[in-house]
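J.: Quick one: the structure is below, questions incoming.
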Amino acid sequence: MQETQSLQTPSWGEEIRATFGLAWPLALANLLQMLTYAIDVIFIARLGDEQLAASSLAVSWFGLLVWALCSMAGAVAPVISAELGSNPRSVRPVRRATRMALWLAIIAGCIGMALAYFLLKPLMQVTGQQSQIIDLSKSYMALLVFSMVPMILASVLRNYVSALGKPYLATAITGAGIFVNAAANYALIFGNLGMPRLELIGAAIATIITTVTVLLAYVAVIRWDKLLHRYRIFSNWWRADWQMFAKMVRIGTPILLTVVAEAGIFGAAAFMMGRFGAAELAGHTVALQLAALAFQVPFGIGQAATIRVGYFYGARDRQGIAQAGWAGLLMGTGFMAATALAMIFAPKALLSVYVDVNAARNAALVGFALQYLVWAAIFQLADGVQAVALGALRGLQDTRVPMWIATFSYWVPGMGLAIGLGFFTPLAGIGVWIGLAAGLFCAAGLLTWRWLLRERLELTQRTS
């Protein structure tokens, strides 16, 4: 939002256009981030099955930690949005909030580095991985961890530029990072462009180079853009504001735990599917990858809803809060309805993005994936609603109760049905997917109910 803009309540049409203008660059940036990870897989896969398995297992643990910690530091978005809503010319509160979010990113990132490295081997041993895979993963992780702090810092700056109405900068920087990542992988993994052949170690170094480049790009853009530089978020960076830091932790910790709860159930589902057979697990992985790809759009809409609702929360504009939240929910539901129809009516076309659906060797995989895509289509609407509802509630700085709602939904009806139907009925893998759908529908229903009751629960009354 530009500093000269008024925070008068927009019309419904204006709000939908404003939410869309904020959401599409964020959603595209999310999709481009997935493409960045896909490029890593493409290059590493050429080294062999062991290297790919080692990197995949390391990245699954590393990625969970990064996603959770970025979400925690992302508490900066609703805080600075509320400050701008309260006073569009506010400078110092925005600077304080962003500075403490950067502090949180560094502190949390250092803790995350230790967890990523020291817990990797025990986790792999518990899950019965081969010794050579464990050794490769550990050597890869030893370098990969140094990309964690830059990733989280860049995430804070991404939220900063987005809250100030320039999300397209995040899209551009993420897109540029793809080319840096591809070039670094090409040079360091295989020894091209005059560089030594470092194989898996080269892939880790390429990730470090990419994340540092992305972080420096954000710093440069913020320094050179007149509006973004106005807040001077890097000046006097050593000055602590413990009250603001505590606020970031208070809002951000439940977001972190919500991410862990959601990621945990999908991770557990993969292990359960593995007990049914390799073809079932492969079909599950491909179907879930398509669902995850579709999820990036409502996830971006949810991020936009956090910012839009946050503006009006700061302005104490209840009508604006309602319009911003419902606009996001309408857009998220509409998009996921379209993806659900695609999964039902054109499943083979979607699967062909990942596998050759006509190859005889993929017959079992495709057969299971087609079954699971039906359930993926069913929970698309719920997944979109719960993602946007979480975002809207975060705009009200309401994160603790939504955390408990999400955790209960995913792990009681969700995991309960997945285990019960998966292992104690003939449904097997279908039962696991029914459980996933049940957890998402429960979360969507309860979170929407809380959004509906926001006035009665006094969530729209700003307390700080």
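Numbering starts fresh at 1 for the residues of each chain in the structure tokens, the chains themselves are lettered A, B, ... in the order given, and ligands are numbered from 1 as they appear.
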Might you pull out every residue within 12 Å of Leu200 of chain A, with only C-alpha atoms counted and same-chain residues fewer than 4 positions away left off, and present them as an NGL selection string?
T.: :A and (40-41 or 43-56 or 58 or 133 or 135-144 or 185-186 or 188-191 or 204-207)
J.: Restricted to N, CA, C and O atoms, what would the selected residues look like written as a short mmCIF file (atom, residue, chain, number, x, y, z; two decimals), in the first residue's frame?
T.:
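Output saved as out-v6.cif:
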data_model
loop_
_atom_site.label_atom_id
_atom_site.label_comp_id
_atom_site.auth_asym_id
_atom_site.auth_seq_id
_atom_site.Cartn_x
_atom_site.Cartn_y
_atom_site.Cartn_z
N ASP A 40 16.82 -28.35 -8.33
CA ASP A 40 17.79 -29.11 -7.55
C ASP A 40 17.64 -30.61 -7.80
O ASP A 40 18.62 -31.33 -7.99
N VAL A 41 16.39 -31.08 -7.79
CA VAL A 41 16.12 -32.50 -8.00
C VAL A 41 16.57 -32.94 -9.39
O VAL A 41 17.19 -34.00 -9.56
N PHE A 43 18.94 -31.76 -11.31
CA PHE A 43 20.40 -31.86 -11.42
C PHE A 43 20.95 -33.01 -10.58
O PHE A 43 21.79 -33.78 -11.04
N ILE A 44 20.48 -33.12 -9.34
CA ILE A 44 21.02 -34.16 -8.45
C ILE A 44 20.65 -35.55 -8.95
O ILE A 44 21.43 -36.50 -8.79
N ALA A 45 19.47 -35.69 -9.56
CA ALA A 45 19.03 -37.00 -10.05
C ALA A 45 20.02 -37.58 -11.05
O ALA A 45 20.15 -38.81 -11.17
N ARG A 46 20.75 -36.73 -11.75
CA ARG A 46 21.71 -37.21 -12.75
C ARG A 46 22.96 -37.80 -12.10
O ARG A 46 23.76 -38.45 -12.78
N LEU A 47 23.13 -37.60 -10.79
CA LEU A 47 24.27 -38.20 -10.10
C LEU A 47 24.02 -39.65 -9.74
O LEU A 47 24.96 -40.42 -9.52
N GLY A 48 22.74 -40.02 -9.59
CA GLY A 48 22.43 -41.40 -9.24
C GLY A 48 21.36 -41.49 -8.16
O GLY A 48 21.02 -40.49 -7.51
N ASP A 49 20.85 -42.70 -7.96
CA ASP A 49 19.75 -42.91 -7.02
C ASP A 49 20.16 -42.62 -5.58
O ASP A 49 19.38 -42.06 -4.80
N GLU A 50 21.37 -43.02 -5.20
CA GLU A 50 21.80 -42.81 -3.81
C GLU A 50 21.91 -41.33 -3.47
O GLU A 50 21.46 -40.88 -2.41
N GLN A 51 22.49 -40.55 -4.38
CA GLN A 51 22.62 -39.11 -4.14
C GLN A 51 21.26 -38.43 -4.08
O GLN A 51 21.03 -37.55 -3.24
N LEU A 52 20.35 -38.86 -4.97
CA LEU A 52 19.02 -38.28 -4.96
C LEU A 52 18.28 -38.63 -3.68
O LEU A 52 17.63 -37.78 -3.07
N ALA A 53 18.38 -39.88 -3.26
CA ALA A 53 17.72 -40.31 -2.02
C ALA A 53 18.29 -39.55 -0.83
O ALA A 53 17.54 -39.08 0.05
N ALA A 54 19.61 -39.42 -0.78
CA ALA A 54 20.25 -38.73 0.34
C ALA A 54 19.83 -37.26 0.42
O ALA A 54 19.51 -36.74 1.50
N SER A 55 19.85 -36.60 -0.73
CA SER A 55 19.46 -35.18 -0.74
C SER A 55 17.98 -35.01 -0.42
O SER A 55 17.60 -34.07 0.29
N SER A 56 17.13 -35.90 -0.93
CA SER A 56 15.69 -35.79 -0.69
C SER A 56 15.37 -35.93 0.79
O SER A 56 14.55 -35.18 1.33
N ALA A 58 17.44 -35.39 3.32
CA ALA A 58 17.97 -34.23 4.03
C ALA A 58 17.08 -33.01 3.83
O ALA A 58 16.77 -32.28 4.78
N ILE A 133 23.49 -44.00 2.63
CA ILE A 133 22.58 -42.88 2.41
C ILE A 133 22.69 -41.88 3.57
O ILE A 133 22.69 -40.66 3.36
N ASP A 135 25.32 -41.34 5.45
CA ASP A 135 26.60 -40.62 5.34
C ASP A 135 26.52 -39.52 4.28
O ASP A 135 27.01 -38.40 4.50
N LEU A 136 25.92 -39.84 3.13
CA LEU A 136 25.77 -38.83 2.08
C LEU A 136 24.89 -37.68 2.54
O LEU A 136 25.19 -36.50 2.30
N SER A 137 23.79 -38.00 3.21
CA SER A 137 22.86 -36.96 3.70
C SER A 137 23.53 -36.04 4.70
O SER A 137 23.35 -34.82 4.68
N LYS A 138 24.32 -36.64 5.59
CA LYS A 138 24.97 -35.84 6.63
C LYS A 138 26.00 -34.88 6.03
O LYS A 138 26.09 -33.72 6.43
N SER A 139 26.78 -35.36 5.05
CA SER A 139 27.76 -34.48 4.41
C SER A 139 27.08 -33.37 3.62
O SER A 139 27.55 -32.23 3.58
N TYR A 140 25.96 -33.68 3.00
CA TYR A 140 25.17 -32.68 2.27
C TYR A 140 24.60 -31.64 3.23
O TYR A 140 24.69 -30.43 3.01
N MET A 141 24.02 -32.12 4.34
CA MET A 141 23.42 -31.22 5.33
C MET A 141 24.46 -30.34 6.01
O MET A 141 24.15 -29.19 6.39
N ALA A 142 25.69 -30.84 6.16
CA ALA A 142 26.74 -30.06 6.82
C ALA A 142 26.95 -28.71 6.16
O ALA A 142 27.31 -27.73 6.83
N LEU A 143 26.74 -28.64 4.86
CA LEU A 143 26.85 -27.36 4.15
C LEU A 143 25.50 -26.69 3.95
O LEU A 143 25.38 -25.46 4.04
N LEU A 144 24.47 -27.49 3.71
CA LEU A 144 23.15 -26.94 3.42
C LEU A 144 22.64 -26.06 4.56
O LEU A 144 21.95 -25.07 4.33
N ASN A 185 24.21 -24.87 -9.87
CA ASN A 185 24.14 -26.33 -9.89
C ASN A 185 24.91 -26.89 -11.09
O ASN A 185 25.66 -27.87 -10.97
N TYR A 186 24.69 -26.29 -12.24
CA TYR A 186 25.35 -26.75 -13.47
C TYR A 186 26.87 -26.68 -13.33
O TYR A 186 27.59 -27.60 -13.75
N LEU A 188 28.78 -26.36 -10.37
CA LEU A 188 29.42 -26.99 -9.21
C LEU A 188 29.16 -28.48 -9.08
O LEU A 188 30.00 -29.21 -8.57
N ILE A 189 28.01 -28.96 -9.53
CA ILE A 189 27.73 -30.40 -9.42
C ILE A 189 28.57 -31.18 -10.42
O ILE A 189 29.19 -32.20 -10.07
N PHE A 190 28.64 -30.69 -11.67
CA PHE A 190 29.28 -31.45 -12.74
C PHE A 190 30.65 -30.90 -13.15
O PHE A 190 31.29 -31.43 -14.05
N GLY A 191 31.09 -29.81 -12.53
CA GLY A 191 32.40 -29.26 -12.86
C GLY A 191 32.43 -28.50 -14.16
O GLY A 191 33.44 -28.55 -14.89
N ALA A 204 24.83 -28.39 -2.51
CA ALA A 204 24.65 -27.64 -1.26
C ALA A 204 25.23 -26.24 -1.37
O ALA A 204 24.62 -25.25 -0.94
N ILE A 205 26.43 -26.15 -1.98
CA ILE A 205 27.05 -24.82 -2.16
C ILE A 205 26.20 -23.96 -3.08
O ILE A 205 26.04 -22.75 -2.87
N ALA A 206 25.62 -24.57 -4.13
CA ALA A 206 24.75 -23.83 -5.04
C ALA A 206 23.55 -23.25 -4.30
O ALA A 206 23.12 -22.12 -4.58
N THR A 207 22.99 -24.00 -3.35
CA THR A 207 21.87 -23.50 -2.56
C THR A 207 22.30 -22.30 -1.71
O THR A 207 21.57 -21.31 -1.61
#
J.: Find the residues of segment 180-272 of chain A that sit at most 6 Å from segment 91-102 of chain A; for each, write down the nearest two atoms and how far apart they are in Å, to one decimal. Count only C-alpha atoms. Sort by chain, then by number going up, and give it as a tab-separated table.
T.:
residue	atom	partner	partner_atom	distance
A:Tyr231	CA	A:Val91	CA	5.5
A:Ile233	CA	A:Arg95	CA	4.9
A:Phe245	CA	A:Met100	CA	5.3
J.: Skip segment 172-178 of chain A itself and residues of its chain fewer than 5 positions away, then list as an MDAnalysis selection string all residues within 12 Å of it, counting only C-alpha atoms.
T.: chainID A and resid 25:40 151 154:155 157:158 161 166:167 183:185 206:222
J.: Quick one: write out the picked residues with N, CA and C atoms as a compact mmCIF listing (two decimals), in the first residue's frame?
T.:
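The resulting again03.txt:
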# COMPACT_ATOMS: atom_id res chain seq x y z
N PRO A 25 1.06 -11.98 -7.29
CA PRO A 25 2.53 -12.05 -7.27
C PRO A 25 3.04 -12.97 -6.16
N LEU A 26 2.33 -13.00 -5.02
CA LEU A 26 2.75 -13.88 -3.93
C LEU A 26 2.55 -15.35 -4.31
N ALA A 27 1.42 -15.65 -4.94
CA ALA A 27 1.18 -17.03 -5.38
C ALA A 27 2.20 -17.45 -6.43
N LEU A 28 2.52 -16.56 -7.35
CA LEU A 28 3.50 -16.87 -8.38
C LEU A 28 4.88 -17.08 -7.76
N ALA A 29 5.22 -16.26 -6.76
CA ALA A 29 6.50 -16.43 -6.08
C ALA A 29 6.55 -17.79 -5.39
N ASN A 30 5.43 -18.23 -4.80
CA ASN A 30 5.38 -19.56 -4.17
C ASN A 30 5.62 -20.66 -5.20
N LEU A 31 4.99 -20.52 -6.36
CA LEU A 31 5.17 -21.52 -7.43
C LEU A 31 6.61 -21.52 -7.95
N LEU A 32 7.19 -20.34 -8.07
CA LEU A 32 8.58 -20.24 -8.53
C LEU A 32 9.54 -20.85 -7.50
N GLN A 33 9.19 -20.73 -6.21
CA GLN A 33 10.02 -21.35 -5.18
C GLN A 33 10.00 -22.87 -5.31
N MET A 34 8.83 -23.42 -5.63
CA MET A 34 8.75 -24.86 -5.87
C MET A 34 9.58 -25.26 -7.08
N LEU A 35 9.60 -24.40 -8.09
CA LEU A 35 10.41 -24.68 -9.28
C LEU A 35 11.89 -24.68 -8.93
N THR A 36 12.30 -23.81 -8.01
CA THR A 36 13.69 -23.79 -7.56
C THR A 36 14.09 -25.14 -6.98
N TYR A 37 13.21 -25.70 -6.12
CA TYR A 37 13.50 -27.01 -5.53
C TYR A 37 13.50 -28.10 -6.61
N ALA A 38 12.60 -27.96 -7.58
CA ALA A 38 12.53 -28.95 -8.66
C ALA A 38 13.82 -28.97 -9.46
N ILE A 39 14.42 -27.81 -9.66
CA ILE A 39 15.68 -27.75 -10.41
C ILE A 39 16.79 -28.49 -9.67
N ASP A 40 16.82 -28.35 -8.33
CA ASP A 40 17.79 -29.11 -7.55
C ASP A 40 17.64 -30.61 -7.80
N MET A 151 17.88 -17.69 4.18
CA MET A 151 16.52 -17.98 3.72
C MET A 151 15.48 -17.30 4.59
N ALA A 154 15.58 -13.50 4.19
CA ALA A 154 14.94 -13.11 2.94
C ALA A 154 13.42 -13.21 3.04
N SER A 155 12.94 -14.19 3.80
CA SER A 155 11.50 -14.33 4.00
C SER A 155 10.92 -13.12 4.73
N LEU A 157 12.14 -10.07 4.67
CA LEU A 157 12.15 -8.94 3.73
C LEU A 157 11.08 -9.10 2.66
N ARG A 158 10.79 -10.34 2.30
CA ARG A 158 9.69 -10.58 1.35
C ARG A 158 8.37 -10.12 1.95
N VAL A 161 8.35 -6.11 1.90
CA VAL A 161 8.04 -5.45 0.63
C VAL A 161 6.59 -5.72 0.22
N LYS A 166 4.33 -3.93 -2.59
CA LYS A 166 5.18 -4.23 -3.73
C LYS A 166 5.53 -5.72 -3.79
N PRO A 167 4.51 -6.59 -3.81
CA PRO A 167 4.78 -8.04 -3.82
C PRO A 167 5.43 -8.51 -5.11
N ALA A 183 22.38 -22.12 -12.71
CA ALA A 183 23.77 -21.92 -13.14
C ALA A 183 24.75 -22.47 -12.12
N ALA A 184 24.48 -22.24 -10.84
CA ALA A 184 25.38 -22.73 -9.79
C ALA A 184 25.39 -24.25 -9.73
N ASN A 185 24.21 -24.87 -9.87
CA ASN A 185 24.14 -26.33 -9.89
C ASN A 185 24.91 -26.89 -11.09
N ALA A 206 25.62 -24.57 -4.13
CA ALA A 206 24.75 -23.83 -5.04
C ALA A 206 23.55 -23.25 -4.30
N THR A 207 22.99 -24.00 -3.35
CA THR A 207 21.87 -23.50 -2.56
C THR A 207 22.30 -22.30 -1.71
N ILE A 208 23.49 -22.39 -1.11
CA ILE A 208 24.00 -21.27 -0.31
C ILE A 208 24.17 -20.03 -1.19
N ILE A 209 24.79 -20.21 -2.36
CA ILE A 209 25.00 -19.08 -3.27
C ILE A 209 23.66 -18.45 -3.66
N THR A 210 22.68 -19.28 -3.95
CA THR A 210 21.36 -18.78 -4.37
C THR A 210 20.69 -18.01 -3.25
N THR A 211 20.69 -18.55 -2.05
CA THR A 211 19.98 -17.88 -0.94
C THR A 211 20.66 -16.56 -0.56
N VAL A 212 21.98 -16.55 -0.58
CA VAL A 212 22.69 -15.29 -0.27
C VAL A 212 22.43 -14.26 -1.36
N THR A 213 22.41 -14.69 -2.61
CA THR A 213 22.12 -13.78 -3.72
C THR A 213 20.72 -13.19 -3.60
N VAL A 214 19.73 -14.03 -3.27
CA VAL A 214 18.36 -13.57 -3.10
C VAL A 214 18.28 -12.56 -1.95
N LEU A 215 18.95 -12.86 -0.84
CA LEU A 215 18.95 -11.94 0.31
C LEU A 215 19.55 -10.60 -0.08
N LEU A 216 20.69 -10.62 -0.77
CA LEU A 216 21.34 -9.37 -1.18
C LEU A 216 20.48 -8.60 -2.18
N ALA A 217 19.72 -9.32 -3.00
CA ALA A 217 18.83 -8.65 -3.95
C ALA A 217 17.75 -7.89 -3.20
N TYR A 218 17.19 -8.50 -2.15
CA TYR A 218 16.19 -7.79 -1.34
C TYR A 218 16.80 -6.55 -0.69
N VAL A 219 18.00 -6.69 -0.14
CA VAL A 219 18.66 -5.55 0.51
C VAL A 219 18.87 -4.43 -0.50
N ALA A 220 19.32 -4.78 -1.70
CA ALA A 220 19.57 -3.76 -2.73
C ALA A 220 18.28 -3.07 -3.15
N VAL A 221 17.23 -3.84 -3.38
CA VAL A 221 15.95 -3.26 -3.80
C VAL A 221 15.40 -2.33 -2.73
N ILE A 222 15.48 -2.76 -1.48
CA ILE A 222 14.98 -1.93 -0.38
C ILE A 222 15.80 -0.66 -0.25
J.: I'd like the contact shell of Gly13 of chain A - 10 Å cut-off, only C-alpha atoms, skipping same-chain residues fewer than 6 positions apart - returned as a list of chain:residue names.
T.: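 Answer for this query is A:Thr19, A:Gln323, A:Ala327.
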J.: Can you write out the residues you just picked, keeping N, CA, C and O atoms, as a PDB file, in the first residue's frame?
T.:
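selection.pdb, written as the output of this step:
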ATOM      1  N   THR A  19      -7.081  -7.277  -3.381  1.00  0.00           N
ATOM      2  CA  THR A  19      -6.609  -8.581  -2.890  1.00  0.00           C
ATOM      3  C   THR A  19      -5.961  -9.367  -4.020  1.00  0.00           C
ATOM      4  O   THR A  19      -4.909  -9.985  -3.835  1.00  0.00           O
ATOM      5  N   GLN A 323     -14.675  -7.362   4.520  1.00  0.00           N
ATOM      6  CA  GLN A 323     -14.542  -7.438   3.067  1.00  0.00           C
ATOM      7  C   GLN A 323     -13.224  -8.074   2.660  1.00  0.00           C
ATOM      8  O   GLN A 323     -13.190  -8.893   1.731  1.00  0.00           O
ATOM      9  N   ALA A 327     -13.244 -11.563   0.693  1.00  0.00           N
ATOM     10  CA  ALA A 327     -12.704 -11.505  -0.671  1.00  0.00           C
ATOM     11  C   ALA A 327     -11.656 -12.595  -0.866  1.00  0.00           C
ATOM     12  O   ALA A 327     -11.625 -13.284  -1.898  1.00  0.00           O
TER      13      ALA A 327
END
J.: Nearest to Tyr311 of chain A: which of A:Cys70, A:Ala82, A:Val126, A:Ala418 is it, counting only C-alpha atoms?
T.: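 Of A:Cys70, A:Ala82, A:Val126, A:Ala418, the one nearest Tyr311 of chain A is A:Ala82, counting only C-alpha atoms.
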